[in-house]
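Asker: Below you'll find start32.cif; it's mmCIF, C-alpha atoms and all ligand atoms.
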```
data_run
#
loop_
_atom_site.label_atom_id
_atom_site.label_comp_id
_atom_site.auth_asym_id
_atom_site.auth_seq_id
_atom_site.Cartn_x
_atom_site.Cartn_y
_atom_site.Cartn_z
CA MET A 21 -2.77 -18.48 34.92
CA LEU A 22 -3.19 -14.81 35.72
CA ASN A 23 -5.82 -12.32 34.67
CA ILE A 24 -4.73 -9.96 31.93
CA ILE A 25 -5.16 -6.35 32.95
CA THR A 26 -6.74 -4.36 30.17
CA TYR A 27 -6.71 -0.71 29.16
CA PRO A 28 -7.39 1.76 30.74
CA ASP A 29 -6.36 0.22 34.07
CA PRO A 30 -3.94 2.79 35.61
CA ILE A 31 -1.38 0.10 36.52
CA LEU A 32 -0.50 -0.04 32.81
CA ARG A 33 0.63 3.60 33.06
CA ARG A 34 2.86 3.20 36.07
CA ARG A 35 6.66 2.97 35.85
CA ALA A 36 7.25 -0.53 37.21
CA GLU A 37 9.74 -1.18 40.01
CA GLU A 38 13.18 -2.74 39.60
CA ILE A 39 13.61 -6.30 40.81
CA GLU A 40 16.07 -6.18 43.73
CA GLU A 41 16.46 -9.90 44.21
CA ILE A 42 15.60 -12.86 42.01
CA ASN A 43 13.89 -15.12 44.52
CA ASP A 44 11.18 -17.78 44.52
CA ALA A 45 8.45 -15.14 44.39
CA VAL A 46 9.95 -13.71 41.17
CA ARG A 47 10.37 -17.19 39.68
CA GLU A 48 6.74 -17.96 40.48
CA VAL A 49 5.55 -14.74 38.80
CA VAL A 50 7.61 -15.58 35.71
CA ALA A 51 6.13 -19.09 35.51
CA ARG A 52 2.60 -17.71 35.75
CA MET A 53 3.39 -14.97 33.20
CA LEU A 54 4.63 -17.53 30.68
CA GLU A 55 1.47 -19.62 31.12
CA THR A 56 -0.65 -16.53 30.69
CA MET A 57 1.24 -15.38 27.60
CA TYR A 58 0.85 -18.76 25.88
CA ALA A 59 -2.81 -19.04 26.84
CA GLY A 60 -3.43 -15.62 25.29
CA HIS A 61 -1.43 -16.55 22.15
CA GLY A 62 0.86 -13.62 22.85
CA VAL A 63 4.51 -13.36 21.83
CA GLY A 64 5.43 -11.19 24.79
CA LEU A 65 4.07 -10.14 28.17
CA ALA A 66 5.18 -7.62 30.77
CA ALA A 67 4.40 -7.96 34.49
CA PRO A 68 2.21 -4.81 34.69
CA GLN A 69 -0.15 -6.58 32.27
CA VAL A 70 -0.91 -9.14 34.97
CA GLY A 71 -1.24 -6.50 37.67
CA ILE A 72 2.33 -6.72 38.99
CA SER A 73 4.21 -3.45 38.76
CA LYS A 74 7.69 -4.99 38.45
CA ARG A 75 10.27 -4.84 35.67
CA ILE A 76 9.81 -8.36 34.30
CA VAL A 77 9.25 -9.25 30.64
CA VAL A 78 8.77 -12.66 29.07
CA PHE A 79 8.72 -13.32 25.35
CA ASN A 80 8.80 -16.07 22.80
CA PRO A 81 8.65 -15.02 19.16
CA THR A 82 8.12 -18.54 17.79
CA GLY A 83 6.30 -20.47 20.53
CA GLU A 84 9.11 -23.09 20.54
CA ALA A 85 10.36 -23.93 24.04
CA ALA A 86 13.95 -23.11 23.06
CA ASP A 87 12.98 -19.54 22.15
CA GLU A 88 11.43 -18.69 25.51
CA ARG A 89 13.19 -15.80 27.27
CA VAL A 90 12.85 -13.93 30.54
CA LEU A 91 14.16 -10.40 30.99
CA ILE A 92 14.62 -9.04 34.49
CA ASN A 93 15.12 -5.24 34.66
CA PRO A 94 15.43 -4.89 30.87
CA LYS A 95 17.04 -1.75 29.52
CA LEU A 96 17.03 -0.61 25.90
CA VAL A 97 20.62 0.54 25.39
CA GLU A 98 20.87 0.88 21.61
CA HIS A 99 18.40 1.45 18.85
CA ARG A 100 18.70 2.48 15.24
CA GLY A 101 16.83 2.36 11.98
CA ALA A 102 13.11 2.72 11.55
CA MET A 103 10.23 0.51 10.54
CA GLU A 104 6.48 0.60 10.61
CA GLY A 105 4.25 -2.41 11.18
CA GLU A 106 1.06 -3.65 12.77
CA GLU A 107 0.90 -4.44 16.47
CA GLY A 108 -1.65 -5.70 18.91
CA CYS A 109 -1.48 -6.00 22.69
CA LEU A 110 -3.02 -8.50 25.10
CA SER A 111 -4.15 -5.53 27.21
CA PHE A 112 -6.09 -4.07 24.26
CA PRO A 113 -8.44 -6.78 22.99
CA GLU A 114 -9.33 -6.38 19.31
CA VAL A 115 -7.18 -3.26 18.89
CA TYR A 116 -4.53 -3.27 16.16
CA GLY A 117 -2.64 -0.41 14.67
CA MET A 118 0.48 0.63 12.79
CA ILE A 119 3.41 1.49 15.02
CA ARG A 120 6.78 3.04 14.22
CA ARG A 121 9.72 1.33 15.89
CA SER A 122 13.47 1.13 15.61
CA SER A 123 14.49 -1.73 13.36
CA HIS A 124 17.58 -2.70 15.38
CA VAL A 125 17.78 -2.81 19.17
CA LYS A 126 20.08 -3.96 21.90
CA ILE A 127 18.69 -4.76 25.32
CA LEU A 128 20.55 -5.50 28.53
CA ALA A 129 18.84 -7.43 31.29
CA TYR A 130 19.32 -10.25 33.77
CA ASP A 131 18.05 -13.76 33.21
CA LEU A 132 16.25 -15.75 35.88
CA ASP A 133 19.58 -16.96 37.29
CA GLY A 134 20.84 -13.40 37.68
CA ASN A 135 23.27 -13.64 34.76
CA ASP A 136 23.84 -10.66 32.49
CA LEU A 137 21.87 -11.00 29.33
CA GLU A 138 22.39 -9.09 26.10
CA VAL A 139 19.76 -9.42 23.42
CA THR A 140 20.22 -7.90 19.99
CA ALA A 141 17.26 -8.04 17.69
CA THR A 142 15.96 -6.81 14.36
CA ASP A 143 12.61 -6.71 12.64
CA PHE A 144 9.82 -8.66 14.36
CA LEU A 145 11.75 -9.50 17.51
CA ALA A 146 12.96 -5.90 17.81
CA ARG A 147 9.33 -4.82 17.62
CA VAL A 148 8.24 -7.28 20.33
CA LEU A 149 11.05 -6.21 22.63
CA GLN A 150 10.39 -2.49 22.24
CA HIS A 151 6.69 -3.07 22.90
CA GLU A 152 7.39 -5.06 26.09
CA VAL A 153 10.12 -2.80 27.47
CA ASP A 154 7.74 0.11 26.89
CA HIS A 155 5.23 -1.67 29.14
CA VAL A 156 7.50 -1.61 32.19
CA ASP A 157 7.91 2.14 31.67
CA GLY A 158 4.16 2.66 31.46
CA THR A 159 4.27 3.43 27.74
CA LEU A 160 1.58 1.81 25.61
CA PHE A 161 1.47 1.04 21.89
CA ILE A 162 -1.34 3.54 21.38
CA ASP A 163 1.18 6.24 22.35
CA ARG A 164 3.28 5.35 19.32
CA MET A 165 0.54 4.70 16.81
CA THR A 166 0.48 6.51 13.50
CA ALA A 167 -2.08 9.31 13.29
CA GLU A 168 -4.07 7.28 10.77
CA SER A 169 -4.30 4.23 13.03
CA ARG A 170 -5.17 6.36 16.03
CA VAL A 171 -8.23 7.58 14.22
CA ARG A 172 -9.18 4.03 13.26
CA VAL A 173 -8.93 2.68 16.84
CA ARG A 174 -10.63 5.62 18.52
CA GLU A 175 -14.02 3.91 18.83
CA ALA A 176 -12.50 0.66 20.10
CA LEU A 177 -10.57 2.54 22.78
CA LYS A 178 -13.66 4.44 23.80
CA ALA A 179 -15.52 1.14 24.17
CA LEU A 180 -12.75 -0.23 26.41
CA GLU A 181 -12.83 2.95 28.49
CA GLU A 182 -16.58 2.75 28.88
CA SER A 183 -16.61 -0.92 29.89
CA PHE A 184 -13.72 -0.48 32.33
CA GLY A 185 -14.78 -1.37 35.85
CA ARG A 186 -17.90 -3.18 34.74
CA GLY A 187 -16.52 -5.62 32.19
CA PRO A 188 -16.47 -9.42 32.63
CA GLU A 189 -12.82 -9.20 33.75
CA GLU A 190 -14.14 -7.71 36.98
CA GLY A 191 -15.78 -11.02 37.84
CA GLY A 192 -12.41 -12.41 38.89
CA GLY A 193 -11.66 -16.05 39.65
CA LYS A 194 -12.58 -17.11 36.15
CA SER A 195 -9.12 -17.92 34.93
CO CO A 201 1.32 -5.07 25.09
#
```
Go ahead and express the file in the form of structure tokens.
Answerer:
Amino acid sequence: MLNIITYPDPILRRRAEEIEEINDAVREVVARMLETMYAGHGVGLAAPQVGISKRIVVFNPTGEAADERVLINPKLVEHRGAMEGEEGCLSFPEVYGMIRRSSHVKILAYDLDGNDLEVTATDFLARVLQHEVDHVDGTLFIDRMTAESRVRVREALKALEESFGRGPEEGGGKS
């Protein structure tokens, strides 16, 4: 398991690097990311959230083994429609807000064997994918929050900012 990096750690704002080669190191990161995502009861996780600035996303909208997916160098190539719904993020404990997203997306990526992968998604899965692909570009869900939600989460964000660098996550070695 890996430590989840929380807001406002600057790594979450960095544009993550492309994966040049899918090797054992990448496979190891993916395995640890999946463990970490399940342990956190998340439906998706991007590598910057575990302190690795690489373009890797894992997701599983149902928690069933058959629905587990890995996206290497994901690219959002089509999006249409609009929807608004609540989101949370493992890097923002206790923060939830309403986010506008496209309702239909198409994403191109590679799988862990280097095969081309095309994922089309609507509704909930489209939301998860847009959230995670945003992460590898350094975009966070607070950037896309409705004005109303932004006001509601302001205090929670301030608390995260104030505890950054002296929170329990700085203890390390715990997970
Ligand atoms: Co997130």
Asker: Counting only C-alpha atoms and all ligand atoms, which residues in chain A sit no more than 9 Å from ligand CO 201 (chain A)? For each one, give the nearest pair of atoms and the distance in Å, sorted by chain then residue number, as JSON lines.
Answerer:
```
{"residue": "A:Gly62", "atom": "CA", "partner": "A:CO201", "partner_atom": "CO", "distance": 8.9}
{"residue": "A:Gly64", "atom": "CA", "partner": "A:CO201", "partner_atom": "CO", "distance": 7.4}
{"residue": "A:Leu65", "atom": "CA", "partner": "A:CO201", "partner_atom": "CO", "distance": 6.5}
{"residue": "A:Ala66", "atom": "CA", "partner": "A:CO201", "partner_atom": "CO", "distance": 7.3}
{"residue": "A:Gln69", "atom": "CA", "partner": "A:CO201", "partner_atom": "CO", "distance": 7.5}
{"residue": "A:Glu107", "atom": "CA", "partner": "A:CO201", "partner_atom": "CO", "distance": 8.7}
{"residue": "A:Gly108", "atom": "CA", "partner": "A:CO201", "partner_atom": "CO", "distance": 6.9}
{"residue": "A:Cys109", "atom": "CA", "partner": "A:CO201", "partner_atom": "CO", "distance": 3.8}
{"residue": "A:Leu110", "atom": "CA", "partner": "A:CO201", "partner_atom": "CO", "distance": 5.5}
{"residue": "A:Ser111", "atom": "CA", "partner": "A:CO201", "partner_atom": "CO", "distance": 5.9}
{"residue": "A:Phe112", "atom": "CA", "partner": "A:CO201", "partner_atom": "CO", "distance": 7.5}
{"residue": "A:Val148", "atom": "CA", "partner": "A:CO201", "partner_atom": "CO", "distance": 8.7}
{"residue": "A:His151", "atom": "CA", "partner": "A:CO201", "partner_atom": "CO", "distance": 6.1}
{"residue": "A:Glu152", "atom": "CA", "partner": "A:CO201", "partner_atom": "CO", "distance": 6.2}
{"residue": "A:Asp154", "atom": "CA", "partner": "A:CO201", "partner_atom": "CO", "distance": 8.4}
{"residue": "A:His155", "atom": "CA", "partner": "A:CO201", "partner_atom": "CO", "distance": 6.6}
{"residue": "A:Leu160", "atom": "CA", "partner": "A:CO201", "partner_atom": "CO", "distance": 6.9}
{"residue": "A:Phe161", "atom": "CA", "partner": "A:CO201", "partner_atom": "CO", "distance": 6.9}
```
Asker: Convert the current residue selection to file output with C-alpha atoms, as a PDB file, in the frame of the given file.
Answerer:
```pdb
ATOM      1  CA  GLY A  62       0.860 -13.620  22.850  1.00  0.00           C
ATOM      2  CA  GLY A  64       5.430 -11.190  24.790  1.00  0.00           C
ATOM      3  CA  LEU A  65       4.070 -10.140  28.170  1.00  0.00           C
ATOM      4  CA  ALA A  66       5.180  -7.620  30.770  1.00  0.00           C
ATOM      5  CA  GLN A  69      -0.150  -6.580  32.270  1.00  0.00           C
ATOM      6  CA  GLU A 107       0.900  -4.440  16.470  1.00  0.00           C
ATOM      7  CA  GLY A 108      -1.650  -5.700  18.910  1.00  0.00           C
ATOM      8  CA  CYS A 109      -1.480  -6.000  22.690  1.00  0.00           C
ATOM      9  CA  LEU A 110      -3.020  -8.500  25.100  1.00  0.00           C
ATOM     10  CA  SER A 111      -4.150  -5.530  27.210  1.00  0.00           C
ATOM     11  CA  PHE A 112      -6.090  -4.070  24.260  1.00  0.00           C
ATOM     12  CA  VAL A 148       8.240  -7.280  20.330  1.00  0.00           C
ATOM     13  CA  HIS A 151       6.690  -3.070  22.900  1.00  0.00           C
ATOM     14  CA  GLU A 152       7.390  -5.060  26.090  1.00  0.00           C
ATOM     15  CA  ASP A 154       7.740   0.110  26.890  1.00  0.00           C
ATOM     16  CA  HIS A 155       5.230  -1.670  29.140  1.00  0.00           C
ATOM     17  CA  LEU A 160       1.580   1.810  25.610  1.00  0.00           C
ATOM     18  CA  PHE A 161       1.470   1.040  21.890  1.00  0.00           C
TER      19      PHE A 161
END
```
Asker: Under the rule that only C-alpha atoms are counted, which of A:Thr142, A:Ser73, A:Ser169, A:Thr159 is the nearest residue to A:His124?
Answerer: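 So, comparing all the options, the nearest one is A:Thr142.
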Asker: With distances taken over only C-alpha atoms, which of A:Ala167, A:Leu32, A:Leu91, A:Ala51 is nearest to A:Val77?
Answerer: A:Leu91
Asker: If you measure from atom CA of A:Glu98 to atom CA of A:His61, what distance in Å do you get, rounded to one decimal?
Answerer: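 Taking atom CA of A:Glu98 and atom CA of A:His61, their separation equals 28.3 Å.
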Asker: I'd like the interatomic distance between atom CA of A:Arg89 and atom CA of A:Gln150, to a tenth of an Å.
Answerer: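 Taking atom CA of A:Arg89 as the start and atom CA of A:Gln150 as the end point, the length is 14.5 Å.
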Asker: What's around A:Ala141 at 8 Å? Count all atoms listed in the file, leave out sequence neighbours fewer than 5 positions away in its own chain, and write the answer as a PDB file with C-alpha atoms, in the coordinates of the input.
Answerer:
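See around07.pdb below for the written result:
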```pdb
ATOM      1  CA  HIS A 124      17.580  -2.700  15.380  1.00  0.00           C
ATOM      2  CA  VAL A 125      17.780  -2.810  19.170  1.00  0.00           C
ATOM      3  CA  LYS A 126      20.080  -3.960  21.900  1.00  0.00           C
ATOM      4  CA  ALA A 146      12.960  -5.900  17.810  1.00  0.00           C
TER       5      ALA A 146
END
```
Asker: Using only C-alpha atoms, find the one residue out of A:Ala85, A:Met118, A:Val97, A:Ile92 that sits nearest to A:Asp136.
Answerer: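 Counting only C-alpha atoms, the residue closest to A:Asp136 is A:Ile92.
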Asker: Set the distance at 8 Å and use all atoms listed in the file: which residues neighbour A:Ala129 once local chain neighbours fewer than 2 positions away are removed? I'd like the list as a ChimeraX atom specification.
Answerer: /A:91-95,127,131,136-138
Asker: Let's have the selection written as an mmCIF file, keeping the file's coordinate frame, with C-alpha atoms.
Answerer:
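Okay, this is what ended up in result_11.cif:
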```cif
data_model
loop_
_atom_site.group_PDB
_atom_site.id
_atom_site.type_symbol
_atom_site.label_atom_id
_atom_site.label_comp_id
_atom_site.auth_asym_id
_atom_site.auth_seq_id
_atom_site.Cartn_x
_atom_site.Cartn_y
_atom_site.Cartn_z
ATOM 1 C CA LEU A 91 14.160 -10.400 30.990
ATOM 2 C CA ILE A 92 14.620 -9.040 34.490
ATOM 3 C CA ASN A 93 15.120 -5.240 34.660
ATOM 4 C CA PRO A 94 15.430 -4.890 30.870
ATOM 5 C CA LYS A 95 17.040 -1.750 29.520
ATOM 6 C CA ILE A 127 18.690 -4.760 25.320
ATOM 7 C CA ASP A 131 18.050 -13.760 33.210
ATOM 8 C CA ASP A 136 23.840 -10.660 32.490
ATOM 9 C CA LEU A 137 21.870 -11.000 29.330
ATOM 10 C CA GLU A 138 22.390 -9.090 26.100
#
```
Asker: Atom CA of A:Val153 and atom CA of A:Glu168 are how many Å apart?
Answerer: 24.1 Å
